[in-house]
file model-v5.cif (mmCIF, C-alpha atoms and all ligand atoms)
data_protein
#
loop_
_atom_site.label_atom_id
_atom_site.label_comp_id
_atom_site.auth_asym_id
_atom_site.auth_seq_id
_atom_site.Cartn_x
_atom_site.Cartn_y
_atom_site.Cartn_z
CA MET A 16 -11.48 -84.73 -0.97
CA ASN A 17 -13.53 -84.64 2.20
CA PRO A 18 -15.57 -81.43 2.50
CA GLU A 19 -15.57 -81.70 6.30
CA THR A 20 -11.77 -81.80 6.65
CA LEU A 21 -11.49 -79.10 4.00
CA LYS A 22 -13.69 -76.86 6.12
CA GLN A 23 -11.58 -77.62 9.17
CA GLU A 24 -8.35 -76.77 7.36
CA ALA A 25 -9.82 -73.63 5.88
CA TYR A 26 -11.03 -72.52 9.32
CA THR A 27 -7.54 -72.99 10.83
CA ASP A 28 -5.85 -71.12 7.96
CA ILE A 29 -8.36 -68.26 8.03
CA GLU A 30 -8.03 -67.79 11.77
CA ALA A 31 -4.23 -67.63 11.43
CA CYS A 32 -4.41 -64.67 9.03
CA ASN A 33 -2.99 -61.40 10.38
CA ASN A 34 -3.83 -59.14 7.51
CA LEU A 35 -5.87 -58.80 4.34
CA GLN A 36 -3.06 -59.95 2.04
CA GLU A 37 -2.70 -63.20 3.93
CA LEU A 38 -6.46 -63.66 3.85
CA GLU A 39 -6.49 -63.16 0.09
CA ALA A 40 -3.92 -65.96 -0.31
CA VAL A 41 -6.13 -68.24 1.79
CA ARG A 42 -9.16 -67.34 -0.32
CA VAL A 43 -7.30 -68.31 -3.49
CA LYS A 44 -6.19 -71.53 -1.89
CA TYR A 45 -9.68 -72.67 -0.82
CA VAL A 46 -12.19 -71.09 -3.18
CA GLY A 47 -10.04 -69.72 -6.02
CA ARG A 48 -10.54 -70.83 -9.61
CA LYS A 49 -7.86 -73.52 -9.33
CA SER A 50 -8.67 -74.63 -5.79
CA GLU A 51 -9.43 -78.23 -4.97
CA LEU A 52 -13.00 -77.31 -4.10
CA THR A 53 -13.71 -75.42 -7.33
CA LEU A 54 -12.22 -78.21 -9.40
CA ALA A 55 -14.34 -80.77 -7.53
CA LEU A 56 -17.49 -78.70 -8.14
CA ARG A 57 -16.63 -78.38 -11.78
CA GLY A 58 -15.97 -82.18 -11.98
CA LEU A 59 -19.43 -83.01 -10.65
CA LYS A 60 -20.92 -83.20 -14.11
CA ASP A 61 -18.61 -86.12 -14.99
CA LEU A 62 -19.74 -88.21 -12.03
CA PRO A 63 -22.39 -90.87 -12.27
CA LEU A 64 -25.79 -89.51 -11.29
CA GLU A 65 -25.98 -91.27 -7.92
CA GLU A 66 -22.58 -89.99 -6.74
CA ARG A 67 -23.31 -86.53 -8.05
CA ARG A 68 -26.55 -86.35 -6.03
CA ASN A 69 -24.65 -87.29 -2.93
CA ALA A 70 -21.54 -85.07 -3.35
CA ALA A 71 -22.99 -81.90 -4.86
CA PRO A 72 -24.85 -80.50 -1.79
CA LYS A 73 -21.90 -81.23 0.51
CA LEU A 74 -19.43 -79.46 -1.77
CA GLN A 75 -21.75 -76.50 -2.25
CA GLN A 76 -22.36 -76.27 1.47
CA ALA A 77 -18.60 -76.35 2.14
CA ARG A 78 -18.04 -73.53 -0.35
CA LYS A 79 -20.76 -71.42 1.21
CA GLU A 80 -19.39 -71.90 4.71
CA ILE A 81 -15.79 -71.16 3.72
CA GLU A 82 -16.90 -68.00 1.95
CA GLY A 83 -18.81 -66.99 5.08
CA MET A 84 -15.73 -67.51 7.24
CA LEU A 85 -13.62 -65.50 4.81
CA ALA A 86 -16.11 -62.62 4.83
CA SER A 87 -16.31 -62.36 8.60
CA LYS A 88 -12.53 -62.54 8.97
CA GLU A 89 -12.20 -59.81 6.36
CA LYS A 90 -14.51 -57.57 8.35
CA GLU A 91 -12.57 -58.23 11.52
CA LEU A 92 -9.22 -57.42 9.88
CA ALA A 93 -10.52 -54.27 8.21
CA SER A 94 -11.89 -52.84 11.45
CA SER A 95 -8.79 -53.68 13.49
CA LYS A 96 -6.75 -51.94 10.80
CA ALA A 97 -8.77 -48.77 11.34
CA GLU A 98 -8.31 -49.04 15.09
CA ALA A 99 -4.57 -49.48 14.71
CA LYS A 100 -4.40 -46.03 13.09
CA VAL A 101 -5.30 -44.35 16.37
CA ASP A 102 -2.23 -44.81 18.50
CA LEU A 103 -2.87 -42.79 21.62
CA THR A 104 0.71 -43.19 22.79
CA ARG A 105 2.29 -41.53 19.75
CA PRO A 106 3.80 -38.10 20.28
CA GLY A 107 1.60 -35.31 18.88
CA THR A 108 2.32 -33.57 15.59
CA ARG A 109 3.02 -29.86 15.75
CA HIS A 110 0.48 -27.75 13.85
CA ALA A 111 1.64 -24.51 12.29
CA PHE A 112 -0.91 -21.84 13.18
CA GLY A 113 -1.52 -19.10 10.66
CA HIS A 114 -1.79 -15.47 11.64
CA LEU A 115 -3.29 -12.31 10.27
CA HIS A 116 -1.61 -10.35 7.49
CA PRO A 117 -0.17 -6.98 8.58
CA LEU A 118 -2.75 -5.18 6.43
CA THR A 119 -5.58 -7.06 8.13
CA LEU A 120 -4.12 -6.14 11.51
CA MET A 121 -3.91 -2.54 10.39
CA GLU A 122 -7.52 -2.51 9.21
CA LYS A 123 -8.66 -3.94 12.54
CA GLU A 124 -6.80 -1.22 14.42
CA VAL A 125 -8.29 1.53 12.27
CA VAL A 126 -11.77 0.04 12.70
CA ASP A 127 -11.30 -0.26 16.49
CA ILE A 128 -10.25 3.36 16.84
CA PHE A 129 -13.10 4.73 14.72
CA THR A 130 -15.77 2.53 16.24
CA SER A 131 -14.60 3.78 19.65
CA MET A 132 -15.51 7.25 18.34
CA ASN A 133 -18.96 6.03 17.30
CA PHE A 134 -18.34 5.58 13.55
CA SER A 135 -20.16 2.70 11.77
CA VAL A 136 -18.25 0.38 9.44
CA ILE A 137 -19.67 0.07 5.90
CA ASP A 138 -18.68 -2.10 2.95
CA GLY A 139 -18.91 -1.21 -0.75
CA PRO A 140 -18.41 -2.76 -4.21
CA GLU A 141 -14.93 -3.04 -5.77
CA VAL A 142 -16.42 -2.96 -9.27
CA GLU A 143 -18.01 0.47 -9.45
CA THR A 144 -19.83 2.54 -12.06
CA GLU A 145 -18.35 5.65 -13.63
CA HIS A 146 -21.32 7.50 -12.13
CA TYR A 147 -20.41 6.81 -8.49
CA ASN A 148 -16.64 6.73 -8.89
CA PHE A 149 -16.48 10.09 -10.73
CA ASP A 150 -19.66 11.96 -11.73
CA VAL A 151 -21.31 12.28 -8.32
CA LEU A 152 -17.98 13.31 -6.81
CA ASN A 153 -17.91 16.40 -9.01
CA ILE A 154 -15.42 14.87 -11.46
CA PRO A 155 -17.23 15.23 -14.82
CA ALA A 156 -16.22 13.32 -17.96
CA ASN A 157 -13.34 14.94 -19.85
CA HIS A 158 -12.47 17.10 -16.86
CA PRO A 159 -8.69 17.14 -16.22
CA ALA A 160 -9.34 16.18 -12.58
CA ARG A 161 -10.00 12.63 -13.77
CA GLU A 162 -6.29 12.37 -14.41
CA MET A 163 -5.71 12.23 -10.66
CA TRP A 164 -7.03 8.66 -10.84
CA ASP A 165 -5.35 6.18 -13.18
CA THR A 166 -8.22 3.91 -14.01
CA PHE A 167 -8.85 0.29 -14.97
CA TRP A 168 -11.95 0.42 -17.18
CA LEU A 169 -14.04 -2.68 -17.82
CA LYS A 170 -15.46 -3.46 -21.26
CA GLY A 171 -19.06 -2.58 -22.08
CA GLY A 172 -21.53 0.03 -20.89
CA ASN A 173 -22.84 2.94 -22.94
CA ASP A 174 -23.42 5.63 -20.31
CA SER A 175 -21.89 6.57 -17.00
CA ARG A 176 -24.40 4.53 -14.99
CA SER A 177 -23.57 1.34 -16.90
CA ARG A 178 -19.87 1.87 -17.67
CA LYS A 179 -17.85 -0.02 -15.07
CA LEU A 180 -14.38 0.25 -13.62
CA LEU A 181 -12.36 -1.03 -10.69
CA ARG A 182 -12.97 1.68 -8.12
CA THR A 183 -10.02 4.04 -7.90
CA HIS A 184 -10.91 5.08 -4.36
CA THR A 185 -13.44 4.33 -1.62
CA SER A 186 -15.07 7.79 -2.00
CA PRO A 187 -17.95 6.46 -4.20
CA MET A 188 -19.42 5.03 -0.99
CA GLN A 189 -20.02 8.56 0.29
CA VAL A 190 -22.88 9.12 -2.15
CA ARG A 191 -24.01 5.49 -2.19
CA TYR A 192 -24.44 5.64 1.57
CA MET A 193 -26.04 9.10 1.73
CA GLU A 194 -28.58 8.13 -0.94
CA THR A 195 -30.01 5.51 1.39
CA HIS A 196 -29.49 7.12 4.81
CA THR A 197 -30.56 10.32 6.46
CA PRO A 198 -28.11 12.52 8.37
CA PRO A 199 -26.59 12.99 10.87
CA LEU A 200 -24.18 10.15 10.22
CA GLN A 201 -20.61 9.08 10.74
CA ILE A 202 -19.16 6.15 8.83
CA ILE A 203 -15.90 4.59 7.73
CA VAL A 204 -15.56 2.38 4.64
CA PRO A 205 -12.48 0.16 4.50
CA GLY A 206 -11.81 -1.45 1.13
CA ARG A 207 -9.60 -2.34 -1.76
CA VAL A 208 -8.98 0.13 -4.56
CA PHE A 209 -7.19 -0.07 -7.91
CA ARG A 210 -4.95 2.24 -9.91
CA TYR A 211 -3.54 1.75 -13.38
CA GLU A 212 -0.08 3.01 -12.61
CA ALA A 213 3.61 2.16 -12.38
CA THR A 214 4.60 0.68 -9.04
CA ASP A 215 7.37 1.96 -6.79
CA ALA A 216 8.24 1.88 -3.10
CA SER A 217 5.10 3.82 -2.15
CA HIS A 218 2.66 3.03 -5.01
CA GLU A 219 0.89 -0.22 -5.91
CA ILE A 220 -1.71 -1.01 -8.57
CA ASN A 221 -4.04 -2.16 -5.85
CA PHE A 222 -4.08 -1.02 -2.26
CA TYR A 223 -6.47 -0.39 0.63
CA GLN A 224 -8.14 2.77 1.75
CA VAL A 225 -10.42 3.67 4.58
CA GLU A 226 -12.95 6.32 3.65
CA GLY A 227 -14.48 8.45 6.38
CA LEU A 228 -17.56 10.63 6.29
CA MET A 229 -19.21 12.65 9.03
CA VAL A 230 -22.28 14.75 8.27
CA GLY A 231 -24.34 16.90 10.62
CA ARG A 232 -25.86 20.36 10.90
CA ASP A 233 -22.63 21.97 12.07
CA VAL A 234 -19.81 19.46 11.60
CA SER A 235 -16.72 21.56 10.84
CA LEU A 236 -13.07 21.29 9.83
CA ALA A 237 -12.24 21.75 13.51
CA ASN A 238 -14.15 18.51 14.21
CA PHE A 239 -12.11 16.83 11.48
CA LYS A 240 -8.88 18.05 13.03
CA TYR A 241 -9.89 16.67 16.42
CA VAL A 242 -11.00 13.28 15.07
CA ILE A 243 -7.87 12.82 12.97
CA GLU A 244 -5.53 13.92 15.73
CA GLU A 245 -7.24 11.43 18.05
CA PHE A 246 -6.89 8.75 15.40
CA LEU A 247 -3.21 9.36 14.60
CA LYS A 248 -2.22 9.59 18.26
CA LYS A 249 -4.06 6.40 19.15
CA MET A 250 -2.46 4.70 16.17
CA PHE A 251 1.12 5.96 16.37
CA GLY A 252 1.49 7.24 19.93
CA PRO A 253 1.10 10.66 21.56
CA LYS A 254 4.41 12.00 20.20
CA THR A 255 3.41 11.52 16.54
CA GLU A 256 4.10 14.57 14.40
CA PHE A 257 1.73 15.33 11.56
CA ARG A 258 0.71 18.29 9.47
CA PHE A 259 -2.25 19.47 7.42
CA ARG A 260 -1.39 20.80 3.99
CA PRO A 261 -3.79 22.66 1.68
CA SER A 262 -4.69 20.51 -1.31
CA TYR A 263 -7.28 20.01 -4.00
CA PHE A 264 -9.97 17.39 -4.48
CA PRO A 265 -13.05 17.98 -6.63
CA PHE A 266 -15.33 16.53 -3.94
CA THR A 267 -14.13 18.67 -1.02
CA GLU A 268 -13.93 22.40 -0.44
CA PRO A 269 -11.63 23.32 1.17
CA SER A 270 -9.32 20.29 0.80
CA VAL A 271 -6.34 19.19 2.86
CA GLU A 272 -3.80 16.42 2.90
CA VAL A 273 -2.41 14.94 6.08
CA ASP A 274 1.26 13.99 6.32
CA VAL A 275 2.99 12.05 9.08
CA ARG A 276 6.63 12.71 9.84
CA LEU A 277 8.98 9.92 8.76
CA VAL A 278 12.32 11.21 10.05
CA GLY A 279 13.75 14.27 11.74
CA GLY A 280 11.77 16.15 14.37
CA LYS A 281 11.36 14.78 17.89
CA GLY A 282 10.10 11.29 17.13
CA GLU A 283 12.01 8.01 17.20
CA GLN A 284 14.25 7.51 14.17
CA SER A 285 14.27 4.35 12.11
CA GLU A 286 16.36 2.96 9.27
CA SER A 287 13.31 1.80 7.31
CA LEU A 288 11.52 5.12 7.62
CA ARG A 289 14.69 6.91 6.57
CA ALA A 290 14.70 4.73 3.44
CA ILE A 291 11.14 5.81 2.61
CA ALA A 292 12.07 9.45 3.24
CA GLU A 293 15.07 9.15 0.94
CA SER A 294 13.14 7.50 -1.88
CA ARG A 295 10.42 10.17 -1.64
CA LYS A 296 12.89 12.99 -1.05
CA SER A 297 10.75 14.20 1.83
CA GLU A 298 10.72 13.90 5.60
CA TRP A 299 6.94 13.48 5.48
CA LEU A 300 4.67 10.75 4.17
CA GLU A 301 1.25 11.71 2.91
CA VAL A 302 -1.32 9.35 4.45
CA MET A 303 -4.68 10.86 3.66
CA GLY A 304 -6.70 13.30 1.61
CA ALA A 305 -9.60 15.10 3.23
CA GLY A 306 -11.74 18.18 3.39
CA MET A 307 -15.21 19.60 3.84
CA VAL A 308 -17.71 17.79 1.62
CA ASN A 309 -18.39 19.83 -1.52
CA PRO A 310 -22.04 21.02 -1.72
CA LYS A 311 -22.24 19.40 -5.18
CA VAL A 312 -21.67 16.00 -3.57
CA PHE A 313 -24.54 16.61 -1.14
CA GLU A 314 -26.75 17.63 -4.06
CA ALA A 315 -25.84 14.44 -5.95
CA ALA A 316 -26.88 12.45 -2.86
CA GLY A 317 -30.17 14.34 -2.51
CA TYR A 318 -29.17 16.33 0.61
CA ASN A 319 -29.79 20.04 0.94
CA PRO A 320 -26.31 21.64 1.21
CA GLU A 321 -27.85 24.63 3.01
CA GLU A 322 -28.92 22.30 5.76
CA TRP A 323 -26.07 19.79 6.03
CA GLN A 324 -22.30 19.97 6.15
CA GLY A 325 -19.49 17.64 7.04
CA PHE A 326 -16.01 16.35 6.46
CA ALA A 327 -14.69 13.39 4.49
CA PHE A 328 -11.31 11.72 4.32
CA GLY A 329 -9.58 8.83 2.60
CA VAL A 330 -6.61 7.22 4.31
CA GLY A 331 -4.18 4.74 2.71
CA LEU A 332 -3.91 1.60 4.82
CA GLU A 333 -0.55 0.45 3.43
CA ARG A 334 0.98 3.82 4.16
CA LEU A 335 -0.19 3.60 7.78
CA ALA A 336 1.20 0.08 8.02
CA MET A 337 4.52 1.20 6.53
CA LEU A 338 4.79 3.84 9.24
CA LYS A 339 3.56 1.66 12.06
CA TYR A 340 5.55 -1.46 11.26
CA LYS A 341 8.47 0.38 9.60
CA ILE A 342 8.13 -1.41 6.27
CA PRO A 343 10.20 0.44 3.67
CA ASP A 344 8.44 -0.73 0.48
CA ILE A 345 4.69 -1.08 -0.21
CA ARG A 346 5.33 -3.96 -2.63
CA LEU A 347 6.43 -6.13 0.31
CA PHE A 348 2.78 -6.41 1.45
CA TYR A 349 1.94 -8.30 -1.73
CA SER A 350 5.19 -10.23 -2.24
CA ASP A 351 4.27 -13.27 -0.11
CA ASP A 352 7.80 -13.20 1.27
CA LEU A 353 7.47 -15.17 4.50
CA ARG A 354 10.45 -13.39 6.04
CA ILE A 355 8.26 -10.29 6.14
CA ILE A 356 4.91 -11.92 6.82
CA ASN A 357 6.09 -14.12 9.67
CA GLN A 358 7.18 -11.14 11.75
CA PHE A 359 3.55 -10.38 12.58
N1 LIG A 401 -10.44 9.64 -2.73
C1 LIG A 401 -9.17 10.36 -2.60
C2 LIG A 401 -8.08 9.56 -3.31
O1 LIG A 401 -8.20 8.41 -3.43
C3 LIG A 401 -8.83 10.56 -1.18
C4 LIG A 401 -9.77 11.49 -0.53
C5 LIG A 401 -9.55 12.84 -0.54
C6 LIG A 401 -10.90 11.01 0.09
C7 LIG A 401 -10.40 13.71 0.05
C8 LIG A 401 -11.79 11.89 0.69
C9 LIG A 401 -11.52 13.26 0.66
O2 LIG A 401 -12.89 11.49 1.30
O3 LIG A 401 -12.38 14.09 1.27
O4 LIG A 401 -7.12 10.16 -3.70
#
call {"tool": "encode", "arguments": {"input": "model-v5.cif", "output": "structure tokens"}}
result
Amino acid sequence: MNPETLKQEAYTDIEACNNLQELEAVRVKYVGRKSELTLALRGLKDLPLEERRNAAPKLQQARKEIEGMLASKEKELASSKAEAKVDLTRPGTRHAFGHLHPLTLMEKEVVDIFTSMNFSVIDGPEVETEHYNFDVLNIPANHPAREMWDTFWLKGGNDSRSRKLLRTHTSPMQVRYMETHTPPLQIIVPGRVFRYEATDASHEINFYQVEGLMVGRDVSLANFKYVIEEFLKKMFGPKTEFRFRPSYFPFTEPSVEVDVRLVGGKGEQSESLRAIAESRKSEWLEVMGAGMVNPKVFEAAGYNPEEWQGFAFGVGLERLAMLKYKIPDIRLFYSDDLRIINQF
């Protein structure tokens, strides 16, 4: 075997390779374990000393050069493979764009309307203490009023400041916020809340509320009525019918609930809203609780109730979205059914 011609042949074969598989076959052929060159190198030890001295460097040199040629060809093939991936003439692939969930859209709308009326947007913890969720809101332990909130308790804790639960409403943020801020103030607190209860078309075990709180020296129920009317009309249109109904909450005095008309009256009629009305056996859907902040809540926050007064409200986001988008069942928001979701 002549190392010079071997190198020539190897060079020709390597240059002819179009891909890495072909190159691998050429590598085996020229420098593999059973190749002519490897066998010749291995046979060196059987040659007479003089011949060995003459042949060894030439064979080793040939091996080194062939390996060098293989390596540079490999580099070339690997990089051209990467280039081949970018084919600028190929038609583009269509990307499916996501979109916001109807509840997110609803929250944004609520936030937009209230910020336009100079309310600040505040966030609060979903895991709350018994103290803030109940005690400071004038709902003492063992008081029957606690039964208005079906509660998920967490393990542990030995007093009301350490016992934890999944907040049953966004109202705990009223006191949390007032403890660290001085009045006058006007805030909304959107957030997720949790109830340990059976689900149906208008109840879920978790849902969203937006809490509202406005405190000043002479903020009155008339101010509440104006703000909420503004809000509902901006949200649902100027023809929206709603009503205030006397109610009871431990943390407000007096307390009201606000209902929006589902069917009947002068408004537009809809199949879906009729379905909600039928399942609730009422032409109205309750969307929020509200009232004038109870002096006991101000005291718990360290405010002087002789000096400050204000209103608070808690509105259910799903219920607003059901009305606005005419969705007949609250469970559809959490069902991941794309036929619903993709309409937004
Ligand atoms: N937190 C009440 C609930 O979840 C709703 C509510 C009622 C909030 C009256 C308020 C309020 O701020 O003043 O049922």
call {"tool": "closest_residue", "arguments": {"input": "model-v5.cif", "among": "A:Gly83, A:Gly280, A:Pro199, A:Gly304", "to": "Phe266 in chain A", "atoms": "all atoms listed in the file"}}
result
A:Gly304
call {"tool": "closest_residue", "arguments": {"input": "model-v5.cif", "among": "A:Phe328, A:Tyr318, A:Phe359, A:Tyr147", "to": "Val302 in chain A", "atoms": "all atoms listed in the file"}}
result
A:Phe328
call {"tool": "residues_near_point", "arguments": {"input": "model-v5.cif", "point": "(-17.2, 22.5, 11.0)", "cutoff": "8 Å", "atoms": "all atoms listed in the file", "output": "number ranges by chain"}}
result
A: 233-239, 307, 324-326
call {"tool": "atom_distance", "arguments": {"input": "model-v5.cif", "atom1": "CA of Arg68 in chain A", "atom2": "CA of Thr20 in chain A"}}
result
20.0 Å
call {"tool": "closest_residue", "arguments": {"input": "model-v5.cif", "among": "A:Arg258, A:Arg207, A:Lys22, A:His218", "to": "Glu272 in chain A", "atoms": "only C-alpha atoms"}}
result
A:Arg258
call {"tool": "build_atoms", "arguments": {"input": "model-v5.cif", "residues": "range 212-222 of chain A", "atoms": "all heavy atoms", "output": "PDB file, keeping the file's coordinate frame"}}
result
ATOM      1  N   GLU A 212      -1.265   2.160 -12.662  1.00  0.00           N
ATOM      2  CA  GLU A 212      -0.080   3.010 -12.610  1.00  0.00           C
ATOM      3  C   GLU A 212       1.185   2.203 -12.346  1.00  0.00           C
ATOM      4  O   GLU A 212       1.121   1.045 -11.936  1.00  0.00           O
ATOM      5  CB  GLU A 212      -0.236   4.103 -11.551  1.00  0.00           C
ATOM      6  CG  GLU A 212      -0.241   3.594 -10.124  1.00  0.00           C
ATOM      7  CD  GLU A 212      -0.417   4.733  -9.125  1.00  0.00           C
ATOM      8  OE1 GLU A 212      -0.052   5.853  -9.478  1.00  0.00           O
ATOM      9  OE2 GLU A 212      -0.915   4.489  -8.021  1.00  0.00           O
ATOM     10  N   ALA A 213       2.330   2.825 -12.607  1.00  0.00           N
ATOM     11  CA  ALA A 213       3.610   2.160 -12.380  1.00  0.00           C
ATOM     12  C   ALA A 213       3.839   2.007 -10.883  1.00  0.00           C
ATOM     13  O   ALA A 213       3.489   2.892 -10.105  1.00  0.00           O
ATOM     14  CB  ALA A 213       4.726   2.994 -13.004  1.00  0.00           C
ATOM     15  N   THR A 214       4.392   0.870 -10.466  1.00  0.00           N
ATOM     16  CA  THR A 214       4.600   0.680  -9.040  1.00  0.00           C
ATOM     17  C   THR A 214       5.988   1.205  -8.638  1.00  0.00           C
ATOM     18  O   THR A 214       6.911   1.223  -9.436  1.00  0.00           O
ATOM     19  CB  THR A 214       4.523  -0.823  -8.666  1.00  0.00           C
ATOM     20  OG1 THR A 214       5.531  -1.519  -9.392  1.00  0.00           O
ATOM     21  CG2 THR A 214       3.173  -1.389  -9.008  1.00  0.00           C
ATOM     22  N   ASP A 215       6.065   1.643  -7.390  1.00  0.00           N
ATOM     23  CA  ASP A 215       7.370   1.960  -6.790  1.00  0.00           C
ATOM     24  C   ASP A 215       7.244   1.730  -5.289  1.00  0.00           C
ATOM     25  O   ASP A 215       6.259   1.136  -4.840  1.00  0.00           O
ATOM     26  CB  ASP A 215       7.823   3.385  -7.161  1.00  0.00           C
ATOM     27  CG  ASP A 215       6.916   4.463  -6.567  1.00  0.00           C
ATOM     28  OD1 ASP A 215       6.251   4.198  -5.548  1.00  0.00           O
ATOM     29  OD2 ASP A 215       6.879   5.568  -7.122  1.00  0.00           O
ATOM     30  N   ALA A 216       8.217   2.207  -4.529  1.00  0.00           N
ATOM     31  CA  ALA A 216       8.240   1.880  -3.100  1.00  0.00           C
ATOM     32  C   ALA A 216       6.990   2.361  -2.352  1.00  0.00           C
ATOM     33  O   ALA A 216       6.634   1.798  -1.320  1.00  0.00           O
ATOM     34  CB  ALA A 216       9.487   2.455  -2.449  1.00  0.00           C
ATOM     35  N   SER A 217       6.300   3.385  -2.871  1.00  0.00           N
ATOM     36  CA  SER A 217       5.100   3.820  -2.150  1.00  0.00           C
ATOM     37  C   SER A 217       3.826   3.792  -2.994  1.00  0.00           C
ATOM     38  O   SER A 217       2.806   4.336  -2.590  1.00  0.00           O
ATOM     39  CB  SER A 217       5.327   5.208  -1.520  1.00  0.00           C
ATOM     40  OG  SER A 217       5.903   6.089  -2.451  1.00  0.00           O
ATOM     41  N   HIS A 218       3.869   3.168  -4.177  1.00  0.00           N
ATOM     42  CA  HIS A 218       2.660   3.030  -5.010  1.00  0.00           C
ATOM     43  C   HIS A 218       2.484   1.586  -5.473  1.00  0.00           C
ATOM     44  O   HIS A 218       3.436   0.946  -5.880  1.00  0.00           O
ATOM     45  CB  HIS A 218       2.755   3.922  -6.256  1.00  0.00           C
ATOM     46  CG  HIS A 218       2.799   5.370  -5.932  1.00  0.00           C
ATOM     47  ND1 HIS A 218       3.961   6.035  -5.657  1.00  0.00           N
ATOM     48  CD2 HIS A 218       1.803   6.292  -5.816  1.00  0.00           C
ATOM     49  CE1 HIS A 218       3.692   7.304  -5.388  1.00  0.00           C
ATOM     50  NE2 HIS A 218       2.387   7.485  -5.473  1.00  0.00           N
ATOM     51  N   GLU A 219       1.228   1.129  -5.417  1.00  0.00           N
ATOM     52  CA  GLU A 219       0.890  -0.220  -5.910  1.00  0.00           C
ATOM     53  C   GLU A 219      -0.321  -0.095  -6.833  1.00  0.00           C
ATOM     54  O   GLU A 219      -1.056   0.893  -6.763  1.00  0.00           O
ATOM     55  CB  GLU A 219       0.558  -1.141  -4.735  1.00  0.00           C
ATOM     56  CG  GLU A 219       1.624  -2.183  -4.406  1.00  0.00           C
ATOM     57  CD  GLU A 219       1.816  -3.245  -5.480  1.00  0.00           C
ATOM     58  OE1 GLU A 219       1.137  -3.237  -6.515  1.00  0.00           O
ATOM     59  OE2 GLU A 219       2.689  -4.114  -5.247  1.00  0.00           O
ATOM     60  N   ILE A 220      -0.535  -1.095  -7.700  1.00  0.00           N
ATOM     61  CA  ILE A 220      -1.710  -1.010  -8.570  1.00  0.00           C
ATOM     62  C   ILE A 220      -2.994  -1.357  -7.818  1.00  0.00           C
ATOM     63  O   ILE A 220      -4.082  -1.005  -8.256  1.00  0.00           O
ATOM     64  CB  ILE A 220      -1.609  -1.917  -9.824  1.00  0.00           C
ATOM     65  CG1 ILE A 220      -1.468  -3.363  -9.408  1.00  0.00           C
ATOM     66  CG2 ILE A 220      -0.502  -1.471 -10.737  1.00  0.00           C
ATOM     67  CD1 ILE A 220      -1.905  -4.305 -10.500  1.00  0.00           C
ATOM     68  N   ASN A 221      -2.857  -2.070  -6.719  1.00  0.00           N
ATOM     69  CA  ASN A 221      -4.040  -2.160  -5.850  1.00  0.00           C
ATOM     70  C   ASN A 221      -3.597  -1.943  -4.406  1.00  0.00           C
ATOM     71  O   ASN A 221      -2.482  -2.275  -4.022  1.00  0.00           O
ATOM     72  CB  ASN A 221      -4.814  -3.453  -6.065  1.00  0.00           C
ATOM     73  CG  ASN A 221      -4.272  -4.646  -5.316  1.00  0.00           C
ATOM     74  OD1 ASN A 221      -4.908  -5.655  -5.164  1.00  0.00           O
ATOM     75  ND2 ASN A 221      -3.061  -4.555  -4.831  1.00  0.00           N
ATOM     76  N   PHE A 222      -4.416  -1.289  -3.651  1.00  0.00           N
ATOM     77  CA  PHE A 222      -4.080  -1.020  -2.260  1.00  0.00           C
ATOM     78  C   PHE A 222      -5.380  -0.817  -1.481  1.00  0.00           C
ATOM     79  O   PHE A 222      -6.468  -0.984  -2.044  1.00  0.00           O
ATOM     80  CB  PHE A 222      -3.131   0.193  -2.153  1.00  0.00           C
ATOM     81  CG  PHE A 222      -3.652   1.475  -2.753  1.00  0.00           C
ATOM     82  CD1 PHE A 222      -4.206   2.466  -1.951  1.00  0.00           C
ATOM     83  CD2 PHE A 222      -3.561   1.707  -4.113  1.00  0.00           C
ATOM     84  CE1 PHE A 222      -4.668   3.664  -2.496  1.00  0.00           C
ATOM     85  CE2 PHE A 222      -4.025   2.900  -4.670  1.00  0.00           C
ATOM     86  CZ  PHE A 222      -4.575   3.873  -3.858  1.00  0.00           C
TER      87      PHE A 222
END
